[in-house]
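Below: input-v5.txt (compact mmCIF, C-alpha atoms)
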# COMPACT_ATOMS: atom_id res chain seq x y z
CA ASP A 1 20.50 23.16 -2.93
CA LEU A 2 21.49 20.87 -0.10
CA LYS A 3 24.70 20.77 1.84
CA LEU A 4 25.96 17.20 1.67
CA GLY A 5 27.78 15.62 4.57
CA LYS A 6 29.92 12.52 4.47
CA LYS A 7 29.03 9.50 2.40
CA ILE A 8 27.44 6.97 4.76
CA ASN A 9 27.14 4.09 2.34
CA GLU A 10 27.52 3.15 -1.29
CA GLY A 11 25.84 0.25 -3.01
CA LYS A 12 25.77 -1.07 -6.54
CA THR A 13 23.10 1.39 -7.70
CA LYS A 14 23.00 4.22 -5.13
CA GLU A 15 24.92 6.36 -2.64
CA VAL A 16 23.75 7.61 0.76
CA TYR A 17 24.89 10.97 2.17
CA GLU A 18 24.41 12.72 5.49
CA LEU A 19 22.46 16.01 5.46
CA PRO A 20 23.92 18.26 8.17
CA ASP A 21 21.14 20.85 7.76
CA ILE A 22 18.33 18.28 8.09
CA PRO A 23 18.96 16.25 11.28
CA GLY A 24 17.76 12.68 11.10
CA CYS A 25 17.65 12.64 7.28
CA VAL A 26 19.88 11.40 4.46
CA LEU A 27 20.08 11.88 0.71
CA MET A 28 19.57 8.77 -1.45
CA GLN A 29 21.42 9.38 -4.72
CA SER A 30 20.80 6.92 -7.58
CA LYS A 31 23.45 5.88 -10.11
CA ASP A 32 23.30 5.24 -13.85
CA GLN A 33 24.25 1.64 -13.25
CA ILE A 34 22.42 -1.64 -13.73
CA THR A 35 23.62 -4.93 -12.28
CA ALA A 36 22.60 -8.58 -12.07
CA GLY A 37 23.85 -11.63 -10.20
CA ASN A 38 25.36 -9.65 -7.30
CA ALA A 39 27.16 -7.42 -9.83
CA ALA A 40 28.58 -10.35 -11.79
CA ARG A 41 27.06 -8.44 -14.70
CA LYS A 42 27.35 -4.66 -14.51
CA ASP A 43 26.74 -1.93 -17.06
CA ARG A 44 26.23 1.79 -17.25
CA MET A 45 22.77 2.72 -18.48
CA GLU A 46 22.44 6.43 -19.25
CA GLY A 47 19.40 7.92 -17.52
CA LYS A 48 18.75 4.97 -15.20
CA ALA A 49 19.26 7.12 -12.07
CA ALA A 50 16.42 9.45 -13.04
CA ILE A 51 14.18 6.55 -14.04
CA SER A 52 14.81 4.71 -10.76
CA ASN A 53 14.29 7.86 -8.69
CA THR A 54 10.96 8.60 -10.39
CA THR A 55 9.77 5.03 -9.84
CA THR A 56 10.82 4.93 -6.19
CA SER A 57 9.37 8.36 -5.39
CA CYS A 58 5.96 7.52 -6.88
CA VAL A 59 5.78 4.10 -5.20
CA PHE A 60 6.77 5.45 -1.79
CA GLN A 61 4.34 8.35 -2.14
CA LEU A 62 1.51 5.89 -2.89
CA LEU A 63 2.38 3.73 0.11
CA GLN A 64 2.87 6.67 2.44
CA GLU A 65 -0.45 8.26 1.49
CA ALA A 66 -2.11 4.90 2.09
CA GLY A 67 -0.72 4.86 5.63
CA ILE A 68 2.33 2.60 5.36
CA LYS A 69 5.25 3.83 7.47
CA THR A 70 8.22 4.51 5.19
CA ALA A 71 11.56 6.32 5.33
CA PHE A 72 10.66 8.45 2.30
CA VAL A 73 10.43 12.21 2.93
CA ARG A 74 10.35 13.86 -0.49
CA LYS A 75 11.82 13.80 -3.98
CA GLN A 76 14.75 16.23 -4.03
CA SER A 77 15.95 16.15 -7.63
CA ASP A 78 15.70 14.08 -10.80
CA THR A 79 18.12 11.53 -9.39
CA ALA A 80 17.83 11.79 -5.59
CA PHE A 81 15.33 11.81 -2.74
CA ILE A 82 15.46 12.66 0.95
CA ALA A 83 14.76 9.88 3.44
CA ALA A 84 14.75 9.40 7.19
CA HIS A 85 18.08 8.08 8.43
CA CYS A 86 17.67 4.38 9.17
CA GLU A 87 19.90 1.59 10.33
CA MET A 88 19.14 -1.05 7.72
CA ILE A 89 18.14 -4.60 8.66
CA PRO A 90 20.24 -6.86 6.37
CA ILE A 91 17.31 -8.91 5.10
CA GLU A 92 15.66 -8.85 1.70
CA TRP A 93 11.97 -9.68 2.06
CA VAL A 94 10.42 -11.23 -1.05
CA CYS A 95 6.68 -11.61 -1.67
CA ARG A 96 5.52 -13.78 -4.57
CA ARG A 97 2.14 -14.19 -6.22
CA ILE A 98 3.43 -16.33 -9.09
CA ALA A 99 6.19 -18.95 -8.97
CA THR A 100 9.05 -18.03 -11.28
CA GLY A 101 12.78 -17.28 -11.22
CA SER A 102 14.89 -18.56 -8.32
CA PHE A 103 11.86 -20.08 -6.57
CA LEU A 104 11.64 -22.74 -9.27
CA LYS A 105 15.33 -23.62 -8.87
CA ARG A 106 14.95 -23.97 -5.10
CA ASN A 107 11.68 -25.89 -5.36
CA PRO A 108 12.01 -28.46 -8.17
CA GLY A 109 8.70 -29.91 -9.26
CA VAL A 110 6.81 -26.63 -8.98
CA LYS A 111 5.74 -25.41 -12.41
CA GLU A 112 6.23 -21.81 -13.49
CA GLY A 113 2.99 -19.91 -13.11
CA TYR A 114 1.87 -21.63 -9.91
CA LYS A 115 -0.09 -19.03 -7.92
CA PHE A 116 0.22 -18.50 -4.18
CA TYR A 117 -2.87 -17.70 -2.08
CA PRO A 118 -2.02 -15.88 0.13
CA PRO A 119 1.21 -14.51 -1.40
CA LYS A 120 4.37 -16.43 -0.54
CA ILE A 121 6.78 -14.67 1.84
CA GLU A 122 10.51 -15.46 1.81
CA MET A 123 13.56 -13.78 3.31
CA PHE A 124 17.21 -13.68 2.26
CA TYR A 125 20.21 -12.58 4.30
CA LYS A 126 22.22 -9.89 2.49
CA ASP A 127 25.60 -11.53 1.99
CA ASP A 128 27.08 -11.08 -1.50
CA ALA A 129 29.94 -13.49 -0.82
CA ASN A 130 27.43 -16.30 -0.23
CA ASN A 131 24.88 -15.19 -2.85
CA ASP A 132 22.31 -13.92 -0.33
CA PRO A 133 21.27 -17.24 1.29
CA GLN A 134 17.65 -17.87 2.17
CA TRP A 135 16.93 -17.57 5.89
CA SER A 136 14.15 -18.79 8.14
CA GLU A 137 12.39 -16.72 10.80
CA GLU A 138 14.25 -18.77 13.41
CA GLN A 139 17.63 -17.80 11.95
CA LEU A 140 16.69 -14.13 11.95
CA ILE A 141 15.50 -14.25 15.57
CA GLU A 142 18.55 -16.21 16.73
CA ALA A 143 20.87 -13.68 15.05
CA LYS A 144 19.79 -11.24 17.81
CA PHE A 145 20.34 -8.20 15.60
CA SER A 146 20.05 -4.77 17.20
CA PHE A 147 19.61 -1.59 15.17
CA ALA A 148 19.21 1.92 16.55
CA GLY A 149 18.61 0.34 19.94
CA LEU A 150 15.83 -1.99 18.75
CA THR A 151 16.46 -5.72 19.11
CA ILE A 152 14.96 -7.82 16.32
CA GLY A 153 12.83 -10.49 17.96
CA GLN A 154 9.65 -12.40 17.15
CA THR A 155 7.46 -9.29 17.29
CA GLU A 156 9.67 -7.36 14.86
CA VAL A 157 9.91 -10.33 12.47
CA ASP A 158 6.13 -10.71 12.47
CA ILE A 159 5.67 -6.98 11.80
CA MET A 160 8.02 -7.11 8.80
CA ALA A 161 6.36 -10.26 7.43
CA HIS A 162 2.84 -8.80 7.68
CA SER A 163 4.02 -5.47 6.28
CA THR A 164 5.65 -7.20 3.30
CA GLN A 165 2.39 -8.91 2.38
CA ALA A 166 0.35 -5.71 2.79
CA ILE A 167 2.81 -3.65 0.69
CA PHE A 168 2.78 -6.27 -2.05
CA GLU A 169 -1.04 -6.43 -2.11
CA ILE A 170 -1.35 -2.63 -2.28
CA LEU A 171 1.05 -2.42 -5.23
CA GLU A 172 -0.52 -5.45 -6.90
CA LYS A 173 -3.92 -3.75 -6.70
CA ALA A 174 -2.45 -0.47 -7.98
CA TRP A 175 -1.05 -2.10 -11.14
CA GLN A 176 -4.26 -3.98 -12.01
CA PRO A 177 -6.09 -0.99 -13.62
CA GLN A 178 -3.22 -0.85 -16.11
CA ASN A 179 -3.68 -4.54 -16.92
CA CYS A 180 -0.24 -5.26 -15.48
CA THR A 181 0.51 -8.19 -13.18
CA LEU A 182 2.85 -7.69 -10.22
CA VAL A 183 4.49 -11.11 -10.08
CA ASP A 184 6.78 -10.61 -7.08
CA LEU A 185 8.41 -7.88 -5.01
CA LYS A 186 11.66 -7.43 -3.07
CA ILE A 187 11.83 -4.86 -0.23
CA GLU A 188 13.96 -3.94 2.76
CA PHE A 189 13.23 -2.45 6.18
CA GLY A 190 15.24 -0.24 8.49
CA VAL A 191 14.94 1.16 12.00
CA ASN A 192 14.40 4.93 12.04
CA VAL A 193 17.22 6.30 14.22
CA LEU A 194 14.93 9.00 15.67
CA THR A 195 11.64 7.16 16.22
CA LYS A 196 13.18 3.70 16.82
CA GLU A 197 10.43 2.08 14.74
CA ILE A 198 10.62 -0.30 11.80
CA VAL A 199 9.83 1.40 8.49
CA LEU A 200 9.96 0.47 4.83
CA ALA A 201 13.30 1.82 3.60
CA ASP A 202 15.85 1.65 0.77
CA VAL A 203 14.19 1.89 -2.69
CA ILE A 204 11.43 0.24 -4.72
CA ASP A 205 12.27 0.65 -8.38
CA ASN A 206 12.26 -1.50 -11.50
CA ASP A 207 15.02 -3.66 -9.97
CA SER A 208 12.66 -4.60 -7.12
CA TRP A 209 9.86 -6.48 -8.88
CA ARG A 210 8.67 -8.47 -11.87
CA LEU A 211 5.97 -6.80 -13.97
CA TRP A 212 4.16 -8.70 -16.71
CA PRO A 213 1.74 -6.66 -18.87
CA SER A 214 -1.43 -8.69 -19.50
CA GLY A 215 0.09 -11.37 -17.25
CA ASP A 216 2.38 -12.37 -20.14
CA ARG A 217 5.99 -13.10 -19.22
CA SER A 218 7.16 -12.51 -22.79
CA GLN A 219 6.18 -8.83 -22.34
CA GLN A 220 8.17 -8.40 -19.09
CA LYS A 221 9.20 -4.80 -18.37
CA ASP A 222 11.41 -5.29 -15.30
CA LYS A 223 15.10 -6.00 -14.73
CA GLN A 224 14.62 -9.63 -15.76
CA SER A 225 14.87 -8.41 -19.36
CA TYR A 226 18.48 -7.42 -18.51
CA ARG A 227 19.23 -10.66 -16.66
CA ASP A 228 18.02 -12.69 -19.64
CA LEU A 229 20.40 -11.04 -22.14
CA LYS A 230 22.83 -13.53 -23.63
CA GLU A 231 25.07 -10.66 -24.66
CA VAL A 232 24.97 -7.02 -23.58
CA THR A 233 25.12 -4.91 -26.72
CA PRO A 234 24.26 -1.20 -27.08
CA GLU A 235 21.05 -2.23 -28.86
CA ALA A 236 20.12 -4.70 -26.11
CA LEU A 237 20.79 -2.11 -23.42
CA GLN A 238 18.52 0.36 -25.24
CA MET A 239 15.76 -2.27 -25.20
CA VAL A 240 16.19 -2.65 -21.43
CA LYS A 241 16.14 1.13 -21.01
CA ARG A 242 12.88 1.38 -22.96
CA ASN A 243 11.36 -1.17 -20.60
CA PHE A 244 12.46 0.90 -17.59
CA GLU A 245 11.06 4.06 -19.20
CA TRP A 246 7.76 2.27 -19.85
CA VAL A 247 7.47 1.54 -16.14
CA ALA A 248 8.52 5.06 -15.07
CA GLU A 249 5.86 6.60 -17.32
CA ARG A 250 3.10 4.41 -15.94
CA VAL A 251 4.13 4.37 -12.30
CA GLU A 252 2.89 7.95 -11.94
CA LEU A 253 -0.58 6.64 -12.78
CA LEU A 254 -0.47 4.60 -9.57
CA LEU A 255 -1.17 7.87 -7.75
CA LYS A 256 -4.40 8.42 -9.71
CA THR A 257 -7.68 6.64 -10.23
CA LYS A 258 -10.36 6.94 -12.88
CA SER A 259 -13.01 5.77 -10.46
CA GLN A 260 -15.05 8.46 -8.69
CA GLY A 261 -17.30 8.09 -5.69
CA ARG A 262 -18.98 10.01 -2.91
CA VAL A 263 -20.96 9.55 0.25
CA VAL A 264 -24.18 11.51 0.76
CA VAL A 265 -25.34 11.65 4.38
CA LEU A 266 -29.05 12.35 4.79
CA MET A 267 -30.04 13.46 8.29
CA GLY A 268 -33.62 13.61 9.48
CA SER A 269 -32.98 16.65 11.64
CA PRO A 270 -30.27 19.33 12.09
CA SER A 271 -29.92 18.04 15.63
CA ASP A 272 -28.09 15.03 14.15
CA LEU A 273 -25.34 17.22 12.68
CA SER A 274 -22.59 16.28 15.14
CA HIS A 275 -23.17 12.57 14.40
CA CYS A 276 -23.01 13.27 10.65
CA GLU A 277 -19.83 15.34 10.96
CA LYS A 278 -18.11 12.23 12.36
CA ILE A 279 -19.09 10.30 9.24
CA LYS A 280 -17.75 13.06 7.01
CA LYS A 281 -14.48 13.21 8.93
CA ALA A 282 -14.03 9.44 8.66
CA CYS A 283 -14.76 9.55 4.91
CA ALA A 284 -11.99 12.13 4.52
CA THR A 285 -9.44 9.66 5.90
CA PHE A 286 -10.21 7.41 2.92
CA GLY A 287 -10.14 10.31 0.46
CA ILE A 288 -13.88 10.02 -0.19
CA PRO A 289 -15.91 13.23 -0.76
CA CYS A 290 -18.89 13.51 1.57
CA GLU A 291 -21.92 15.78 1.43
CA LEU A 292 -24.44 16.44 4.23
CA ARG A 293 -28.15 17.05 3.56
CA VAL A 294 -31.23 17.50 5.77
CA THR A 295 -34.46 15.76 4.80
CA SER A 296 -37.25 13.83 6.53
CA ALA A 297 -38.87 10.84 4.87
CA HIS A 298 -41.84 11.21 7.25
CA LYS A 299 -42.41 14.96 6.97
CA GLY A 300 -41.24 15.57 3.40
CA PRO A 301 -41.06 12.35 1.38
CA ASP A 302 -41.31 14.26 -1.92
CA GLU A 303 -38.20 16.30 -1.05
CA THR A 304 -36.34 13.18 0.09
CA LEU A 305 -36.97 11.51 -3.27
CA ARG A 306 -36.06 14.73 -5.13
CA ILE A 307 -32.69 14.84 -3.34
CA LYS A 308 -32.18 11.15 -4.17
CA ALA A 309 -32.84 11.82 -7.86
CA GLU A 310 -30.38 14.73 -7.80
CA TYR A 311 -27.51 12.40 -6.91
CA GLU A 312 -28.64 9.59 -9.21
CA GLY A 313 -28.65 11.86 -12.23
CA ASP A 314 -25.01 12.87 -12.57
CA GLY A 315 -23.51 9.40 -12.93
CA ILE A 316 -21.18 9.56 -9.90
CA PRO A 317 -21.26 6.32 -7.84
CA THR A 318 -22.89 7.19 -4.52
CA VAL A 319 -23.43 5.55 -1.16
CA PHE A 320 -26.27 7.04 0.88
CA VAL A 321 -26.05 7.07 4.68
CA ALA A 322 -29.36 7.55 6.48
CA VAL A 323 -29.07 9.23 9.87
CA ALA A 324 -32.42 9.32 11.67
CA GLY A 325 -33.27 8.72 15.30
CA ARG A 326 -36.60 7.70 16.84
CA SER A 327 -38.53 6.08 13.97
CA ASN A 328 -36.13 5.67 11.06
CA GLY A 329 -38.13 5.94 7.88
CA LEU A 330 -35.30 7.58 5.99
CA GLY A 331 -33.14 4.51 5.33
CA PRO A 332 -35.99 2.16 4.32
CA VAL A 333 -37.60 4.77 2.04
CA MET A 334 -34.27 5.45 0.33
CA SER A 335 -33.48 1.73 0.01
CA GLY A 336 -36.89 1.04 -1.55
CA ASN A 337 -36.47 3.77 -4.16
CA THR A 338 -32.84 3.60 -5.33
CA ALA A 339 -30.51 0.98 -6.72
CA TYR A 340 -27.59 2.70 -4.97
CA PRO A 341 -26.30 1.30 -1.64
CA VAL A 342 -27.94 2.68 1.51
CA VAL A 343 -26.69 2.15 5.06
CA ASN A 344 -28.44 3.17 8.27
CA CYS A 345 -26.40 4.92 10.95
CA PRO A 346 -28.95 6.03 13.58
CA PRO A 347 -27.84 8.37 16.40
CA LEU A 348 -29.33 6.39 19.26
CA SER A 349 -30.29 8.13 22.50
CA ALA A 350 -29.64 6.75 25.95
CA ASP A 351 -33.36 6.84 26.85
CA TRP A 352 -34.99 5.23 23.83
CA GLY A 353 -32.11 3.77 21.84
CA THR A 354 -32.96 0.11 22.47
CA GLN A 355 -36.49 0.68 21.15
CA ASP A 356 -35.60 3.07 18.31
CA VAL A 357 -32.97 0.81 16.75
CA TRP A 358 -35.62 -1.69 15.66
CA SER A 359 -36.90 0.74 13.04
CA SER A 360 -33.49 0.43 11.38
CA LEU A 361 -33.12 -3.32 11.84
CA ARG A 362 -36.65 -4.58 11.15
CA LEU A 363 -37.31 -3.68 7.50
CA PRO A 364 -40.05 -4.57 5.01
CA SER A 365 -39.23 -7.35 2.57
CA GLY A 366 -37.34 -6.43 -0.58
CA LEU A 367 -35.09 -3.87 1.10
CA GLY A 368 -31.32 -4.23 1.51
CA CYS A 369 -30.32 -1.59 4.01
CA PRO A 370 -27.71 -2.65 6.59
CA THR A 371 -27.28 -0.82 9.90
CA THR A 372 -24.15 0.24 11.73
CA LEU A 373 -24.22 2.30 14.91
CA SER A 374 -20.70 3.66 14.49
CA PRO A 375 -20.19 6.77 12.30
CA GLU A 376 -16.70 5.53 11.49
CA GLY A 377 -18.18 2.13 10.61
CA ALA A 378 -20.58 3.73 8.13
CA ALA A 379 -17.67 5.49 6.43
CA GLN A 380 -15.68 2.25 6.30
CA PHE A 381 -18.64 0.41 4.79
CA ALA A 382 -18.76 2.99 2.01
CA ALA A 383 -14.97 2.80 1.55
CA GLN A 384 -15.14 -0.98 1.15
CA ILE A 385 -17.70 -0.55 -1.64
CA PHE A 386 -15.63 2.07 -3.46
CA GLY A 387 -12.42 0.11 -2.84
CA LEU A 388 -13.65 -2.61 -5.19
CA ASN A 389 -12.91 -0.27 -8.13
CA ASN A 390 -10.61 2.35 -6.58
CA HIS A 391 -7.12 1.13 -5.68
CA LEU A 392 -6.32 4.28 -3.67
CA VAL A 393 -9.26 3.73 -1.32
CA TRP A 394 -8.47 0.02 -1.14
CA ALA A 395 -4.85 0.83 -0.22
CA LYS A 396 -6.01 2.90 2.76
CA LEU A 397 -8.27 0.10 3.94
CA ARG A 398 -5.46 -2.46 3.63
CA SER A 399 -3.03 -0.17 5.42
CA ASN A 400 -5.52 0.39 8.24
CA MET A 401 -5.77 -3.37 8.71
CA LEU A 402 -1.99 -3.64 8.92
CA ASN A 403 -1.54 -0.73 11.33
CA THR A 404 -4.27 -2.05 13.64
CA TRP A 405 -2.57 -5.45 13.68
CA ILE A 406 0.83 -3.86 14.39
CA SER A 407 -0.53 -1.74 17.26
CA LEU A 408 -2.01 -4.85 18.91
CA LYS A 409 1.24 -6.76 18.40
CA GLN A 410 3.29 -3.98 19.98
CA ALA A 411 0.83 -3.61 22.87
CA ASP A 412 1.13 -7.34 23.58
CA LYS A 413 4.94 -7.10 23.54
CA LYS A 414 4.88 -4.12 25.94
CA LEU A 415 2.52 -5.93 28.30
CA ARG A 416 4.69 -9.05 28.36
CA GLU A 417 7.79 -6.98 29.02
CA CYS A 418 6.07 -5.23 31.94
CA THR A 419 4.92 -8.59 33.33
CA LEU A 420 8.42 -10.02 33.12

Would you mind writing the file's structure down as structure tokens?
Amino acid sequence: DLKLGKKINEGKTKEVYELPDIPGCVLMQSKDQITAGNAARKDRMEGKAAISNTTTSCVFQLLQEAGIKTAFVRKQSDTAFIAAHCEMIPIEWVCRRIATGSFLKRNPGVKEGYKFYPPKIEMFYKDDANNDPQWSEEQLIEAKFSFAGLTIGQTEVDIMAHSTQAIFEILEKAWQPQNCTLVDLKIEFGVNVLTKEIVLADVIDNDSWRLWPSGDRSQQKDKQSYRDLKEVTPEALQMVKRNFEWVAERVELLLKTKSQGRVVVLMGSPSDLSHCEKIKKACATFGIPCELRVTSAHKGPDETLRIKAEYEGDGIPTVFVAVAGRSNGLGPVMSGNTAYPVVNCPPLSADWGTQDVWSSLRLPSGLGCPTTLSPEGAAQFAAQIFGLNNHLVWAKLRSNMLNTWISLKQADKKLRECTL
């Protein structure tokens, strides 16, 4: 039970309330209402609030666990969730993989189904009276908006553009295991009033995207099925509701994966434990289980091969990481005796490191055993392998790329401001 404060805002499909007992947070309450064409068409759809809230909560949870900064805090009830209080930036960011809808009207000559590589980014200024006109980056910068004390300039525009693409790609990848194509996506950003940083805000529900099962538009499950109605009848509205329910049932699967995987770190000596613990810690950031074992390919090759066979026999995809200093026989022996990926990550010493590393780099023919000196790099190598079939691991990798880019962008802005 939450004590609600005053209503901060009300839109076509939701209401926003202050939460006096949770400073810096608001309650996002969904409505049983569906609209199209800036509310030119508007109907009550029983149960839509719960469907939308489930969809938004699952999507935001996926993105947040991947590492995307969002306003989402937690699901509060069937029809509401708690979010960080943000001052919203009045821009709708749209990311498209496939040309359809309004893009075709604005770009005559482009055929429906044209695919964008990379995804196409567009922005629209939120202005119902003028049907949300398309804006350029230059218009957004020249508007000199300021929200929660943050002025929207080139850096902030670039951050939102890169974030939009990353968010789209993460959700696109998440829908692929269900043989469902994410055609396009509409999102909004806000400035967190406490942290003063740009975060993904508002909602992402079935009004926010186009979803085509099997890549077939005729099977569309999104709000376009409502927009396309020639006449809104009770039967037609039930069809639309079934589409929304179809999405809400499957969106929870975005938080799961059927693909398993693990990293097994083999160390030649217990003295390498601290190096191996760094690999295990880095694997945990990607959600990848990691086991540590001690074995020497020089002093106990039979035991090394027995351990290898132990992990080959249970059917779980495995990446082996060989950690051996001095003469590294561990990685080459493993690579020559397993079809599973093996990566060397030798703990080089200051005295003999330049000589020892050659035993990891100079391998006999027929072996494919790459070498990375960074424990975190070894974990990332494994994550990139598992990410090919595990959308949750891939999402963390994609989010890491985005957050690294953002940190460099912000550092450059801070440096320029100090110089000026």

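Between CA of Leu2 (chain A) and CA of Glu188 (chain A) the interatomic distance comes to 26.1 Å.
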
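Minimum distance to Phe189 (chain A) across A:Lys396, A:Arg362, A:His85, A:Arg293 (counting only C-alpha atoms) occurs at A:His85.
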
Nearest-residue call for Asp207 (chain A), choices A:Gly261, A:Gly37, A:Gly24, A:Pro270, using all atoms listed in the file:
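Closest to Asp207 (chain A) of all the choices is A:Gly37.
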
From A:Leu182, A:Ile152, A:Leu229, A:Met334, residue lying nearest Glu197 (chain A) [all atoms listed in the file]:
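The closest residue to Glu197 (chain A) is A:Ile152.
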
Figure out the distance between CA of Pro375 (chain A) and CA of Ile406 (chain A), please, to one decimal in Å.
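Computing it gives 23.6 Å between the two atoms.
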
Reconstruct all heavy atoms of region 9-16 of chain A from the incomplete input and present them as a PDB file, in the coordinates of the input.
ATOM      1  N   ASN A   9      27.120   5.420   2.945  1.00  0.00           N
ATOM      2  CA  ASN A   9      27.140   4.090   2.340  1.00  0.00           C
ATOM      3  C   ASN A   9      27.108   4.216   0.827  1.00  0.00           C
ATOM      4  O   ASN A   9      26.640   5.211   0.285  1.00  0.00           O
ATOM      5  CB  ASN A   9      25.932   3.277   2.828  1.00  0.00           C
ATOM      6  CG  ASN A   9      26.068   1.793   2.530  1.00  0.00           C
ATOM      7  OD1 ASN A   9      27.136   1.302   2.179  1.00  0.00           O
ATOM      8  ND2 ASN A   9      24.958   1.071   2.660  1.00  0.00           N
ATOM      9  N   GLU A  10      27.610   3.200   0.165  1.00  0.00           N
ATOM     10  CA  GLU A  10      27.520   3.150  -1.290  1.00  0.00           C
ATOM     11  C   GLU A  10      27.245   1.720  -1.710  1.00  0.00           C
ATOM     12  O   GLU A  10      27.946   0.791  -1.311  1.00  0.00           O
ATOM     13  CB  GLU A  10      28.813   3.647  -1.953  1.00  0.00           C
ATOM     14  CG  GLU A  10      28.738   3.632  -3.470  1.00  0.00           C
ATOM     15  CD  GLU A  10      29.916   4.320  -4.136  1.00  0.00           C
ATOM     16  OE1 GLU A  10      30.842   4.727  -3.421  1.00  0.00           O
ATOM     17  OE2 GLU A  10      29.898   4.441  -5.388  1.00  0.00           O
ATOM     18  N   GLY A  11      26.188   1.558  -2.486  1.00  0.00           N
ATOM     19  CA  GLY A  11      25.840   0.250  -3.010  1.00  0.00           C
ATOM     20  C   GLY A  11      26.091   0.185  -4.497  1.00  0.00           C
ATOM     21  O   GLY A  11      26.722   1.065  -5.083  1.00  0.00           O
ATOM     22  N   LYS A  12      25.541  -0.864  -5.109  1.00  0.00           N
ATOM     23  CA  LYS A  12      25.770  -1.070  -6.540  1.00  0.00           C
ATOM     24  C   LYS A  12      25.054  -0.016  -7.387  1.00  0.00           C
ATOM     25  O   LYS A  12      25.514   0.347  -8.464  1.00  0.00           O
ATOM     26  CB  LYS A  12      25.301  -2.481  -6.921  1.00  0.00           C
ATOM     27  CG  LYS A  12      26.123  -3.602  -6.273  1.00  0.00           C
ATOM     28  CD  LYS A  12      25.690  -4.959  -6.748  1.00  0.00           C
ATOM     29  CE  LYS A  12      24.414  -5.441  -6.076  1.00  0.00           C
ATOM     30  NZ  LYS A  12      24.616  -5.822  -4.661  1.00  0.00           N
ATOM     31  N   THR A  13      23.902   0.486  -6.876  1.00  0.00           N
ATOM     32  CA  THR A  13      23.100   1.390  -7.700  1.00  0.00           C
ATOM     33  C   THR A  13      22.768   2.713  -7.013  1.00  0.00           C
ATOM     34  O   THR A  13      22.013   3.521  -7.566  1.00  0.00           O
ATOM     35  CB  THR A  13      21.766   0.710  -8.095  1.00  0.00           C
ATOM     36  OG1 THR A  13      21.040   0.365  -6.905  1.00  0.00           O
ATOM     37  CG2 THR A  13      22.031  -0.547  -8.907  1.00  0.00           C
ATOM     38  N   LYS A  14      23.319   2.960  -5.815  1.00  0.00           N
ATOM     39  CA  LYS A  14      23.000   4.220  -5.130  1.00  0.00           C
ATOM     40  C   LYS A  14      24.079   4.567  -4.110  1.00  0.00           C
ATOM     41  O   LYS A  14      24.885   3.721  -3.699  1.00  0.00           O
ATOM     42  CB  LYS A  14      21.638   4.123  -4.432  1.00  0.00           C
ATOM     43  CG  LYS A  14      21.543   3.041  -3.386  1.00  0.00           C
ATOM     44  CD  LYS A  14      20.148   2.931  -2.830  1.00  0.00           C
ATOM     45  CE  LYS A  14      20.025   1.750  -1.877  1.00  0.00           C
ATOM     46  NZ  LYS A  14      20.222   0.443  -2.511  1.00  0.00           N
ATOM     47  N   GLU A  15      24.050   5.848  -3.693  1.00  0.00           N
ATOM     48  CA  GLU A  15      24.920   6.360  -2.640  1.00  0.00           C
ATOM     49  C   GLU A  15      24.045   7.057  -1.592  1.00  0.00           C
ATOM     50  O   GLU A  15      23.004   7.618  -1.934  1.00  0.00           O
ATOM     51  CB  GLU A  15      25.928   7.360  -3.210  1.00  0.00           C
ATOM     52  CG  GLU A  15      26.859   6.766  -4.261  1.00  0.00           C
ATOM     53  CD  GLU A  15      27.653   7.835  -4.999  1.00  0.00           C
ATOM     54  OE1 GLU A  15      27.130   8.969  -5.135  1.00  0.00           O
ATOM     55  OE2 GLU A  15      28.767   7.535  -5.448  1.00  0.00           O
ATOM     56  N   VAL A  16      24.500   7.004  -0.343  1.00  0.00           N
ATOM     57  CA  VAL A  16      23.750   7.610   0.760  1.00  0.00           C
ATOM     58  C   VAL A  16      24.630   8.637   1.454  1.00  0.00           C
ATOM     59  O   VAL A  16      25.761   8.324   1.855  1.00  0.00           O
ATOM     60  CB  VAL A  16      23.283   6.540   1.783  1.00  0.00           C
ATOM     61  CG1 VAL A  16      22.409   7.180   2.857  1.00  0.00           C
ATOM     62  CG2 VAL A  16      22.543   5.411   1.090  1.00  0.00           C
TER      63      VAL A  16
END
